[in-house]
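Just target.tsv here, TSV, C-alpha atoms:
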chain	number	residue	atom	x	y	z
A	1	MET	CA	6.62	26.33	-5.86
A	2	ASP	CA	10.04	26.88	-4.29
A	3	ASP	CA	13.13	24.98	-5.41
A	4	ALA	CA	13.55	23.10	-2.14
A	5	THR	CA	10.04	21.66	-2.34
A	6	ARG	CA	10.55	20.78	-6.00
A	7	ALA	CA	13.82	19.03	-5.14
A	8	LEU	CA	12.15	17.19	-2.29
A	9	ILE	CA	9.39	15.90	-4.58
A	10	ASP	CA	12.00	14.76	-7.09
A	11	ARG	CA	13.94	12.97	-4.38
A	12	ILE	CA	10.83	11.30	-2.92
A	13	THR	CA	9.58	10.08	-6.27
A	14	THR	CA	12.89	8.48	-7.24
A	15	ASP	CA	12.43	5.79	-4.61
A	16	THR	CA	8.74	5.15	-5.16
A	17	ALA	CA	8.05	1.57	-4.25
A	18	PRO	CA	4.63	-0.06	-4.27
A	19	VAL	CA	3.00	-0.18	-0.85
A	20	ARG	CA	0.16	-2.32	0.42
A	21	PRO	CA	-2.67	-0.11	1.68
A	22	LEU	CA	-3.44	-0.60	5.34
A	23	ARG	CA	-6.74	-2.48	5.23
A	24	LYS	CA	-8.98	-2.45	8.28
A	25	GLY	CA	-9.77	-6.11	7.75
A	26	ARG	CA	-6.15	-7.07	8.33
A	27	GLY	CA	-6.01	-5.02	11.53
A	28	LEU	CA	-9.18	-6.64	12.82
A	29	ALA	CA	-7.85	-10.08	11.87
A	30	LEU	CA	-4.60	-9.38	13.74
A	31	ALA	CA	-6.47	-8.30	16.88
A	32	GLY	CA	-8.90	-11.22	16.53
A	33	LEU	CA	-6.03	-13.66	16.24
A	34	ALA	CA	-4.39	-12.19	19.36
A	35	PHE	CA	-7.68	-12.59	21.24
A	36	MET	CA	-8.17	-16.19	20.10
A	37	VAL	CA	-4.58	-17.14	21.02
A	38	THR	CA	-5.09	-15.53	24.43
A	39	LEU	CA	-8.37	-17.35	24.95
A	40	VAL	CA	-6.87	-20.72	24.04
A	41	ALA	CA	-3.85	-20.05	26.28
A	42	VAL	CA	-6.11	-19.15	29.24
A	43	LEU	CA	-8.23	-22.28	28.78
A	44	PHE	CA	-5.11	-24.41	28.36
A	45	VAL	CA	-3.23	-22.99	31.35
A	46	LEU	CA	-6.09	-22.30	33.81
A	47	GLY	CA	-8.76	-24.62	32.45
A	48	ALA	CA	-12.35	-23.76	31.57
A	49	ARG	CA	-14.53	-22.75	34.50
A	50	HIS	CA	-17.13	-25.25	35.73
A	51	GLY	CA	-20.27	-25.19	33.61
A	52	LEU	CA	-18.85	-23.11	30.76
A	53	MET	CA	-19.78	-25.66	28.12
A	54	THR	CA	-23.08	-26.70	29.70
A	55	GLY	CA	-24.43	-23.21	30.35
A	56	GLN	CA	-24.25	-23.50	34.14
A	57	PHE	CA	-23.31	-19.98	35.03
A	58	SER	CA	-25.09	-17.03	36.61
A	59	VAL	CA	-26.75	-14.24	34.71
A	60	TYR	CA	-24.05	-11.91	36.08
A	61	PHE	CA	-21.39	-13.94	34.30
A	62	LEU	CA	-23.26	-13.46	31.06
A	63	VAL	CA	-24.00	-9.76	31.53
A	64	VAL	CA	-20.52	-8.75	32.69
A	65	ASN	CA	-18.59	-10.73	30.09
A	66	GLY	CA	-21.07	-9.75	27.39
A	67	LEU	CA	-20.65	-6.05	28.16
A	68	LEU	CA	-16.86	-6.38	28.34
A	69	LEU	CA	-16.85	-8.20	25.01
A	70	VAL	CA	-18.92	-5.45	23.35
A	71	LEU	CA	-16.62	-2.81	24.88
A	72	GLY	CA	-13.53	-4.68	23.68
A	73	LEU	CA	-14.84	-5.11	20.14
A	74	SER	CA	-15.91	-1.47	19.98
A	75	CYS	CA	-12.48	-0.25	21.08
A	76	VAL	CA	-10.57	-2.64	18.81
A	77	THR	CA	-12.62	-1.55	15.78
A	78	THR	CA	-11.97	2.10	16.62
A	79	VAL	CA	-8.24	1.62	17.23
A	80	VAL	CA	-7.85	-0.20	13.92
A	81	ALA	CA	-9.65	2.66	12.16
A	82	MET	CA	-7.48	5.28	13.89
A	83	ALA	CA	-4.40	3.95	12.10
A	84	SER	CA	-5.74	5.61	8.93
A	85	PRO	CA	-6.31	9.30	9.70
A	86	GLN	CA	-9.29	11.11	8.24
A	87	VAL	CA	-10.80	14.48	9.02
A	88	GLY	CA	-14.41	13.69	9.82
A	89	ALA	CA	-13.73	10.45	11.68
A	90	GLY	CA	-15.51	10.78	15.02
A	91	HIS	CA	-14.26	7.78	17.05
A	92	GLU	CA	-17.22	8.24	19.38
A	93	GLY	CA	-18.40	4.63	19.37
A	94	PRO	CA	-16.63	3.25	22.44
A	95	LYS	CA	-17.84	6.07	24.69
A	96	TRP	CA	-21.29	4.56	25.16
A	97	ALA	CA	-19.85	1.10	25.73
A	98	ILE	CA	-17.52	2.56	28.37
A	99	ALA	CA	-20.49	4.25	30.06
A	100	MET	CA	-22.39	0.94	30.12
A	101	VAL	CA	-19.49	-0.95	31.67
A	102	GLY	CA	-19.12	1.89	34.18
A	103	VAL	CA	-22.38	0.77	35.78
A	104	LEU	CA	-20.86	-2.56	36.81
A	105	PRO	CA	-18.53	-1.31	39.60
A	106	ALA	CA	-21.42	0.69	41.07
A	107	ALA	CA	-23.57	-2.45	41.12
A	108	ALA	CA	-20.67	-4.39	42.63
A	109	VAL	CA	-20.18	-1.88	45.44
A	110	LEU	CA	-23.90	-1.87	46.24
A	111	SER	CA	-23.97	-5.66	46.30
A	112	ALA	CA	-20.77	-6.08	48.32
A	113	THR	CA	-21.70	-3.53	50.97
A	114	ALA	CA	-25.25	-4.81	51.45
A	115	PRO	CA	-25.99	-6.35	54.92
A	116	ASP	CA	-25.48	-9.86	53.53
A	117	GLY	CA	-22.71	-8.78	51.13
A	118	VAL	CA	-19.33	-10.46	50.83
A	119	GLY	CA	-17.18	-7.30	50.97
A	120	LEU	CA	-14.95	-5.93	48.22
A	121	MET	CA	-11.46	-6.95	49.20
A	122	HIS	CA	-10.45	-10.54	48.84
A	123	VAL	CA	-7.30	-12.24	47.64
A	124	GLU	CA	-8.95	-14.13	44.76
A	125	GLY	CA	-10.17	-10.81	43.39
A	126	VAL	CA	-6.67	-9.35	43.18
A	127	HIS	CA	-5.44	-12.61	41.64
A	128	CYS	CA	-8.19	-12.38	39.03
A	129	MET	CA	-7.23	-8.80	38.21
A	130	TYR	CA	-3.61	-9.82	37.59
A	131	LEU	CA	-4.71	-12.67	35.35
A	132	GLY	CA	-6.98	-10.31	33.41
A	133	LEU	CA	-4.09	-7.90	32.93
A	134	ALA	CA	-1.75	-10.68	31.83
A	135	ALA	CA	-4.36	-11.87	29.33
A	136	SER	CA	-4.59	-8.38	27.82
A	137	VAL	CA	-0.89	-8.10	26.95
A	138	LEU	CA	-0.96	-9.94	23.60
A	139	ILE	CA	-4.05	-8.05	22.42
A	140	ALA	CA	-2.47	-4.74	23.43
A	141	ALA	CA	0.71	-5.69	21.57
A	142	ALA	CA	-1.24	-6.50	18.39
A	143	LEU	CA	-3.06	-3.15	18.51
A	144	PHE	CA	0.18	-1.32	19.27
A	145	VAL	CA	1.92	-2.89	16.27
A	146	TRP	CA	-1.02	-1.94	14.06
A	147	LEU	CA	-1.02	1.68	15.24
A	148	ARG	CA	2.76	1.94	14.79
A	149	ARG	CA	2.35	0.84	11.19
A	150	GLY	CA	-0.37	3.43	10.73
A	151	ALA	CA	-0.57	7.16	11.27
A	152	PRO	CA	-2.72	7.89	14.31
A	153	VAL	CA	-3.13	11.63	14.73
A	154	SER	CA	-4.92	11.50	18.11
A	155	GLN	CA	-2.40	9.50	20.09
A	156	ARG	CA	-3.88	10.04	23.53
A	157	LEU	CA	-7.29	8.82	22.45
A	158	ALA	CA	-5.75	5.95	20.48
A	159	GLY	CA	-3.67	4.91	23.51
A	160	PHE	CA	-6.71	5.16	25.77
A	161	TYR	CA	-8.88	2.99	23.50
A	162	LEU	CA	-6.02	0.55	23.03
A	163	GLY	CA	-5.76	0.10	26.81
A	164	VAL	CA	-9.51	-0.14	27.36
A	165	GLY	CA	-10.00	-2.61	24.49
A	166	ALA	CA	-7.09	-4.85	25.46
A	167	GLY	CA	-8.12	-4.77	29.14
A	168	ALA	CA	-11.73	-5.64	28.30
A	169	LEU	CA	-10.88	-8.54	25.98
A	170	GLY	CA	-8.19	-9.80	28.36
A	171	SER	CA	-10.76	-9.78	31.14
A	172	VAL	CA	-13.24	-11.70	28.98
A	173	ALA	CA	-10.58	-14.33	28.22
A	174	ASN	CA	-9.78	-14.64	31.93
A	175	GLY	CA	-13.51	-14.77	32.69
A	176	MET	CA	-13.79	-18.09	30.86
A	177	ALA	CA	-11.61	-19.62	33.58
A	178	CYS	CA	-12.81	-17.70	36.63
A	179	PRO	CA	-15.29	-19.68	38.76
A	180	ASN	CA	-16.59	-16.70	40.76
A	181	ASP	CA	-20.00	-15.59	39.49
A	182	THR	CA	-20.98	-12.89	41.96
A	183	ILE	CA	-21.55	-9.33	40.77
A	184	ALA	CA	-19.39	-8.09	43.67
A	185	HIS	CA	-16.43	-9.99	42.21
A	186	LEU	CA	-17.10	-9.51	38.49
A	187	GLY	CA	-18.07	-5.84	38.75
A	188	ILE	CA	-14.86	-4.85	40.51
A	189	TRP	CA	-12.08	-7.30	39.70
A	190	HIS	CA	-13.03	-8.04	36.11
A	191	VAL	CA	-13.46	-4.35	35.34
A	192	ALA	CA	-10.22	-3.35	37.07
A	193	PRO	CA	-8.02	-4.49	34.12
A	194	VAL	CA	-10.05	-2.12	31.89
A	195	VAL	CA	-9.39	0.82	34.18
A	196	ILE	CA	-5.69	0.00	34.55
A	197	GLY	CA	-5.41	-0.60	30.80
A	198	ALA	CA	-7.01	2.80	30.13
A	199	LEU	CA	-4.50	4.57	32.38
A	200	VAL	CA	-1.50	2.71	30.97
A	201	GLY	CA	-2.70	3.33	27.41
A	202	ARG	CA	-3.45	7.00	27.92
A	203	TYR	CA	-0.39	7.95	29.98
A	204	GLY	CA	2.16	5.33	28.94
A	205	ILE	CA	1.58	3.87	25.50
A	206	ALA	CA	0.26	7.05	23.85
A	207	ARG	CA	3.69	8.70	23.77
A	208	TRP	CA	5.07	5.74	21.77
A	209	LEU	CA	2.48	6.30	19.07
A	210	ARG	CA	3.98	9.56	17.86
A	211	TRP	CA	5.34	9.58	14.34
B	1	MET	CA	-6.39	25.21	-9.31
B	2	THR	CA	-5.43	21.92	-7.67
B	3	GLY	CA	-6.59	18.46	-8.60
B	4	ASP	CA	-10.16	17.55	-7.79
B	5	GLU	CA	-11.02	14.84	-5.30
B	6	ALA	CA	-11.57	12.06	-7.83
B	7	THR	CA	-8.32	12.83	-9.68
B	8	MET	CA	-6.27	12.97	-6.48
B	9	ALA	CA	-7.77	9.74	-5.19
B	10	ARG	CA	-6.96	8.05	-8.51
B	11	LEU	CA	-3.40	9.41	-8.46
B	12	MET	CA	-2.92	8.21	-4.89
B	13	ARG	CA	-4.09	4.72	-5.76
B	14	ALA	CA	-1.62	4.69	-8.64
B	15	ALA	CA	1.13	6.00	-6.35
B	16	GLN	CA	0.46	3.21	-3.86
B	17	ALA	CA	0.87	0.78	-6.76
B	18	GLY	CA	4.31	2.27	-7.50
B	19	ASP	CA	3.49	4.61	-10.42
B	20	ARG	CA	6.27	7.20	-10.17
B	21	GLN	CA	4.77	9.67	-12.64
B	22	ALA	CA	1.38	9.67	-10.92
B	23	TYR	CA	3.13	10.13	-7.58
B	24	ALA	CA	5.08	13.14	-8.82
B	25	VAL	CA	1.90	14.79	-10.12
B	26	LEU	CA	0.10	14.00	-6.86
B	27	LEU	CA	2.85	15.49	-4.67
B	28	ASP	CA	3.06	18.55	-6.89
B	29	GLN	CA	-0.68	19.16	-6.59
B	30	ALA	CA	-0.64	18.35	-2.89
B	31	ALA	CA	2.17	20.86	-2.30
B	32	LYS	CA	0.16	23.61	-4.02
B	33	TRP	CA	-2.92	22.75	-2.02
B	34	LEU	CA	-0.97	22.66	1.23
B	35	ARG	CA	0.55	26.09	0.60
B	36	ARG	CA	-2.90	27.58	0.34
B	37	TYR	CA	-4.22	25.47	3.19
B	38	PHE	CA	-1.60	26.72	5.66
B	39	ARG	CA	-1.06	30.23	4.37
B	40	LYS	CA	-3.24	32.04	6.88
B	41	ARG	CA	-2.33	29.82	9.81
B	42	ILE	CA	1.44	29.81	9.82
B	43	ALA	CA	4.11	32.50	9.67
B	44	LEU	CA	5.08	32.94	6.03
B	45	GLU	CA	8.74	32.05	6.55
B	46	LYS	CA	7.72	28.72	8.08
B	47	LEU	CA	5.34	27.82	5.29
B	48	ASP	CA	7.75	25.98	2.98
B	49	ASP	CA	9.23	23.96	5.84
B	50	LEU	CA	5.79	22.89	6.96
B	51	VAL	CA	4.68	21.93	3.44
B	52	GLN	CA	7.85	19.85	3.04
B	53	GLU	CA	7.31	18.15	6.39
B	54	VAL	CA	3.79	17.19	5.37
B	55	LEU	CA	5.03	15.84	2.02
B	56	LEU	CA	7.58	13.69	3.85
B	57	SER	CA	4.85	12.45	6.18
B	58	VAL	CA	2.62	11.67	3.21
B	59	HIS	CA	5.47	9.66	1.70
B	60	ALA	CA	6.26	7.81	4.93
B	61	LYS	CA	2.63	7.01	5.66
B	62	ARG	CA	1.23	6.60	2.16
B	63	SER	CA	0.13	3.06	2.94
B	64	THR	CA	-2.38	4.47	5.47
B	65	TYR	CA	-4.49	6.01	2.72
B	66	ASP	CA	-7.56	3.85	2.26
B	67	PRO	CA	-8.34	3.75	-1.49
B	68	ALA	CA	-12.03	3.39	-0.69
B	69	ARG	CA	-12.13	6.77	1.05
B	70	PRO	CA	-11.68	10.37	-0.14
B	71	PHE	CA	-8.16	11.73	-0.48
B	72	TYR	CA	-8.36	15.29	0.84
B	73	PRO	CA	-9.68	14.47	4.34
B	74	TRP	CA	-6.73	12.05	4.68
B	75	LEU	CA	-4.24	14.68	3.51
B	76	ALA	CA	-5.87	17.29	5.76
B	77	ALA	CA	-5.56	15.03	8.82
B	78	ILE	CA	-1.82	14.67	8.21
B	79	ALA	CA	-1.51	18.39	7.48
B	80	ARG	CA	-3.31	19.31	10.70
B	81	TYR	CA	-1.15	16.89	12.68
B	82	ARG	CA	2.06	18.45	11.41
B	83	TRP	CA	0.65	21.94	11.84
B	84	VAL	CA	-0.16	21.34	15.52
B	85	ASP	CA	3.35	19.91	15.90
B	86	GLN	CA	4.72	23.10	14.41
B	87	LEU	CA	2.66	25.24	16.79
B	88	ARG	CA	4.27	23.44	19.68
B	89	VAL	CA	7.66	24.63	18.59
B	90	GLU	CA	8.60	27.93	20.15
B	91	TYR	CA	9.51	30.58	17.65
B	92	ARG	CA	9.32	34.27	17.26
B	93	THR	CA	9.21	35.94	13.89
B	94	GLN	CA	8.96	39.40	12.54
B	95	THR	CA	5.32	40.11	11.93
B	96	GLN	CA	4.51	39.66	8.31
B	97	GLU	CA	1.31	40.23	6.56
B	98	LEU	CA	-0.40	36.92	6.10
B	99	LEU	CA	-2.02	36.23	2.81
B	100	GLU	CA	-5.59	35.22	2.38
B	101	ASP	CA	-6.52	31.57	2.71
B	102	THR	CA	-7.84	30.57	-0.67
B	103	ALA	CA	-7.73	26.79	-0.44
B	104	SER	CA	-11.48	26.48	-0.29
B	105	GLU	CA	-12.06	29.02	-3.02
B	106	GLU	CA	-9.94	27.58	-5.78
B	107	SER	CA	-10.15	23.87	-5.41
B	108	GLY	CA	-13.57	23.32	-6.89
B	109	GLU	CA	-14.36	21.05	-3.94
B	110	GLU	CA	-15.83	23.66	-1.57
B	111	PRO	CA	-17.95	21.44	0.70
B	112	VAL	CA	-15.08	19.02	1.34
B	113	MET	CA	-12.52	21.80	1.81
B	114	ALA	CA	-14.73	23.74	4.17
B	115	ARG	CA	-15.07	20.66	6.35
B	116	VAL	CA	-11.34	20.01	6.56
B	117	SER	CA	-10.10	23.60	6.82
B	118	LEU	CA	-7.95	24.87	9.67
B	119	GLU	CA	-10.53	27.56	10.36
B	120	ARG	CA	-12.96	24.87	11.46
B	121	LEU	CA	-10.39	23.59	13.90
B	122	PHE	CA	-9.93	27.05	15.40
B	123	ASP	CA	-13.70	27.41	15.77
B	124	HIS	CA	-13.59	24.74	18.47
B	125	LEU	CA	-11.28	26.79	20.69
B	126	PRO	CA	-12.52	29.34	23.22
B	127	PRO	CA	-11.84	32.83	21.81
B	128	ALA	CA	-9.16	33.60	24.43
B	129	GLN	CA	-7.16	30.47	23.50
B	130	ALA	CA	-7.55	31.04	19.77
B	131	GLU	CA	-6.43	34.65	20.16
B	132	ALA	CA	-3.38	33.74	22.25
B	133	ILE	CA	-2.26	31.08	19.75
B	134	GLU	CA	-2.92	33.38	16.80
B	135	LEU	CA	-0.82	36.20	18.23
B	136	VAL	CA	2.12	34.29	19.71
B	137	LYS	CA	2.40	31.18	17.55
B	138	ILE	CA	1.27	32.47	14.18
B	139	GLU	CA	1.94	36.20	14.10
B	140	GLY	CA	5.08	35.83	16.20
B	141	CYS	CA	4.28	38.28	19.00
B	142	SER	CA	5.99	37.89	22.36
B	143	VAL	CA	3.92	36.82	25.35
B	144	ALA	CA	4.19	40.35	26.73
B	145	GLU	CA	2.93	41.87	23.48
B	146	ALA	CA	0.08	39.38	23.30
B	147	SER	CA	-0.78	40.14	26.90
B	148	GLU	CA	-0.94	43.84	26.12
B	149	ARG	CA	-3.08	43.35	23.02
B	150	THR	CA	-5.53	40.89	24.55
B	151	GLY	CA	-5.77	42.19	28.09
B	152	GLN	CA	-4.88	38.73	29.40
B	153	SER	CA	-2.09	38.48	31.97
B	154	PRO	CA	1.19	36.98	30.62
B	155	SER	CA	0.69	33.79	32.60
B	156	LEU	CA	-2.86	33.49	31.29
B	157	VAL	CA	-1.57	33.89	27.72
B	158	LYS	CA	0.86	30.99	28.33
B	159	VAL	CA	-1.86	28.85	29.90
B	160	ASN	CA	-4.24	29.60	27.02
B	161	ILE	CA	-1.59	28.66	24.44
B	162	HIS	CA	-0.81	25.43	26.25
B	163	ARG	CA	-4.48	24.45	26.66
B	164	GLY	CA	-5.37	25.55	23.15
B	165	ILE	CA	-2.66	23.46	21.50
B	166	ARG	CA	-3.60	20.48	23.64
B	167	LYS	CA	-7.18	20.85	22.51
B	168	LEU	CA	-6.16	21.24	18.86
B	169	ALA	CA	-4.14	18.03	19.12
B	170	ALA	CA	-7.19	16.23	20.46
B	171	ILE	CA	-9.57	17.35	17.70
B	172	ILE	CA	-7.37	16.93	14.63
B	173	GLU	CA	-9.88	14.61	12.93
B	174	LYS	CA	-12.91	16.73	13.77
B	175	ALA	CA	-14.69	17.99	10.68
B	176	SER	CA	-17.15	20.59	11.88

With the file now loaded, output its structure as structure tokens.
Amino acid sequence: MDDATRALIDRITTDTAPVRPLRKGRGLALAGLAFMVTLVAVLFVLGARHGLMTGQFSVYFLVVNGLLLVLGLSCVTTVVAMASPQVGAGHEGPKWAIAMVGVLPAAAVLSATAPDGVGLMHVEGVHCMYLGLAASVLIAAALFVWLRRGAPVSQRLAGFYLGVGAGALGSVANGMACPNDTIAHLGIWHVAPVVIGALVGRYGIARWLRW
Amino acid sequence: MTGDEATMARLMRAAQAGDRQAYAVLLDQAAKWLRRYFRKRIALEKLDDLVQEVLLSVHAKRSTYDPARPFYPWLAAIARYRWVDQLRVEYRTQTQELLEDTASEESGEEPVMARVSLERLFDHLPPAQAEAIELVKIEGCSVAEASERTGQSPSLVKVNIHRGIRKLAAIIEKAS
């Protein structure tokens, strides 16, 4: 071994301080806490949608929010794992959940453009998208902090999953207040925060994950 | 011979707990392993710098090692990350004979080492991209020389290097 490397090792080891290993459980707890705080804030500020507690909602409400919740959990779990690098880690899980959620906009377009459809563009839809995005900010921040503490080696993928996961969970939180149950609304405007989150994560946040 | 998987994992756990002696042994063994790991995939004069960069990264990010998981795949992920970073840096060196990569032969952990080796990473690149990176970024040829040797146009060599490094960055954690 060369002298410079030997000297470096000596220098590094002189300031050895104990460190707490980055446990996945703590990352998941942090993201879970961010989601719960967001959910409570949405219910407090916007109020729970009619029928939320009594089960009076359409099957579309259940399907769309259920799929978004699965997508969000899948991405959050993967992002938390990506903070600890490991050759052999696949990070393939969220891909299938993304594909499943991808069906929703297609169903929405078909429904909205049918002869008795309601059309795609309406002001409440855009409003809902903004609320979904706002609700995803805290979750995205929690995941970002976790990744910054860690050592993600695939930053683009980590940023992408961060955006998708935060967008999906933010949309679920907003969905608890949104009274519109149609697939035309849910499939477009509740999925839009996921798409925007993915783009922001992949092309914006990813560069801040370098270390 | 470098430390086996179980020994390195035990040393790393001790290092995370603040055991200076264990940490020194671990870094010493890691440095030896890294030298062999990189030897065939980096110009010889860049080898020590790269090993030192990885050791600094290991130190800075030592909390990211999960004690429940194997050590070498964690070290290899950091090593690959720094290696791809190094490939991004433009440099031209005098061609030097590169020594044989013996990391997987001497460690006594062949299956693990084969899975984490840099060769496996290169296997995922199209041959034209791998060849362009090999010639320009590792052997230190100019783009014109690489173009002549591969039959690719100079602009295609540049495109292949750019795309190849982007792909390498995306598959750092891929095992096989």

Which residues are near stretch 71-75 of chain B? Cut-off 7 Å, all atoms listed in the file, ignore same chain within fewer than 6 positions. Put them as a PyMOL selection string. (chain A and resi 85-87) or (chain B and resi 5+8-9+65+116)

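The chain B residues that come within 7 Å of chain A are Gln16, Ala17, Gly18, Arg20, Tyr23, Ala24, Leu27, Gln52, Lys61, Ser63, Thr64, Tyr65, Asp66, Pro73, Trp74, Ala76, Ala77, Tyr81, Val116, Ala169, Ala170, Ile172, Glu173, Lys174 and Ala175 of chain B, with only C-alpha atoms taken into account.
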
Please determine, counting all atoms listed in the file, which residue among A:Leu28, A:Val64, A:Pro105, A:Thr78 has the shortest atom-to-atom distance to A:Leu162.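 Ranked by minimum distance to A:Leu162, first place goes to A:Thr78.
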
Selected residue, from B:Leu135, B:Ala30, B:Leu56, B:Met12, that lies nearest to B:Pro70 when counting all atoms listed in the file: B:Met12

For a test of reading the model, state the distance in Å between atom CA of A:Glu92 and atom CA of A:Val109, rounded to one decimal.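 So the two atoms, atom CA of A:Glu92 and atom CA of A:Val109, lie 28.1 Å apart.
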
Selection: 8 Å around B:Leu11, all atoms listed in the file, excl. self and same-chain fewer than 6 positions, as a ChimeraX atom specification: /B:22-23,25-26

Between atom CA of A:Val42 and atom CA of A:Gly187, what is the spacing in Å?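 Result for atom CA of A:Gly187 versus atom CA of A:Val42: 20.3 Å, one decimal.
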
Quick check, in Å to one decimal: how far apart do atom CA of A:Ile98 and atom CA of A:Trp189 lie?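 Value for the atom CA of A:Ile98-atom CA of A:Trp189 distance: 16.0 Å.
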
Once you count all atoms listed in the file, which residues end up no further than 12 Å from (-24.1, -0.4, 34.8) in the file's frame, shown as a ChimeraX atom specification? /A:60,63-64,67-68,96-110,183,187-188,191

If I put a ball of radius 9 Å at (-9.0, -0.8, 31.9) in the file's coordinates, which residues poke into it when counting all atoms listed in the file, written as a PyMOL selection string? chain A and resi 133+160+163-168+191-201

Just write the chosen residues, C-alpha atoms, as a PDB file, in the coordinates of the input.
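Written out: out_15.pdb:
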ATOM      1  CA  LEU A 133      -4.090  -7.900  32.930  1.00  0.00           C
ATOM      2  CA  PHE A 160      -6.710   5.160  25.770  1.00  0.00           C
ATOM      3  CA  GLY A 163      -5.760   0.100  26.810  1.00  0.00           C
ATOM      4  CA  VAL A 164      -9.510  -0.140  27.360  1.00  0.00           C
ATOM      5  CA  GLY A 165     -10.000  -2.610  24.490  1.00  0.00           C
ATOM      6  CA  ALA A 166      -7.090  -4.850  25.460  1.00  0.00           C
ATOM      7  CA  GLY A 167      -8.120  -4.770  29.140  1.00  0.00           C
ATOM      8  CA  ALA A 168     -11.730  -5.640  28.300  1.00  0.00           C
ATOM      9  CA  VAL A 191     -13.460  -4.350  35.340  1.00  0.00           C
ATOM     10  CA  ALA A 192     -10.220  -3.350  37.070  1.00  0.00           C
ATOM     11  CA  PRO A 193      -8.020  -4.490  34.120  1.00  0.00           C
ATOM     12  CA  VAL A 194     -10.050  -2.120  31.890  1.00  0.00           C
ATOM     13  CA  VAL A 195      -9.390   0.820  34.180  1.00  0.00           C
ATOM     14  CA  ILE A 196      -5.690   0.000  34.550  1.00  0.00           C
ATOM     15  CA  GLY A 197      -5.410  -0.600  30.800  1.00  0.00           C
ATOM     16  CA  ALA A 198      -7.010   2.800  30.130  1.00  0.00           C
ATOM     17  CA  LEU A 199      -4.500   4.570  32.380  1.00  0.00           C
ATOM     18  CA  VAL A 200      -1.500   2.710  30.970  1.00  0.00           C
ATOM     19  CA  GLY A 201      -2.700   3.330  27.410  1.00  0.00           C
TER      20      GLY A 201
END

Distance criterion (only C-alpha atoms): nearest to B:Phe122 out of B:Arg35, B:Lys167, B:Arg10, B:Arg69: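 Checking each of B:Arg35, B:Lys167, B:Arg10, B:Arg69 against B:Phe122, counting only C-alpha atoms, the winner is B:Lys167.
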
Excluding B:Ile42 and its own-chain neighbours fewer than 5 positions away, which residues fall within 9 Å of it when counting only C-alpha atoms? Please give them as JSON, numbers by chain. {"B": [47, 50, 83, 86, 87, 98, 134, 137, 138, 139]}

Name the closest residue to B:Ala14 among the candidates B:Trp33, B:Arg62, B:Ala146, B:Lys40; distances are taken between atoms, counting only C-alpha atoms. B:Arg62

Considering all atoms listed in the file, return as a count of residues only whatever protein or nucleic-acid residues lie within 9 Å of A:Met36, sequence-local ones (same chain, fewer than 5 positions apart) excluded. 3

Quick one: everything within 9 Å of B:Arg82, counting only C-alpha atoms, minus sequence neighbours fewer than 6 positions away in the same chain. Send it as a list in words.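 The residues satisfying every condition are Leu50, Glu53, Val54 and Ser57 of chain B.
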
Pick from A:Leu186, A:Asn65, A:Gly170, A:Phe57, whichever lies nearest to A:Leu138 using all atoms listed in the file: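 Using all atoms listed in the file, the shortest distance to A:Leu138 belongs to A:Gly170.
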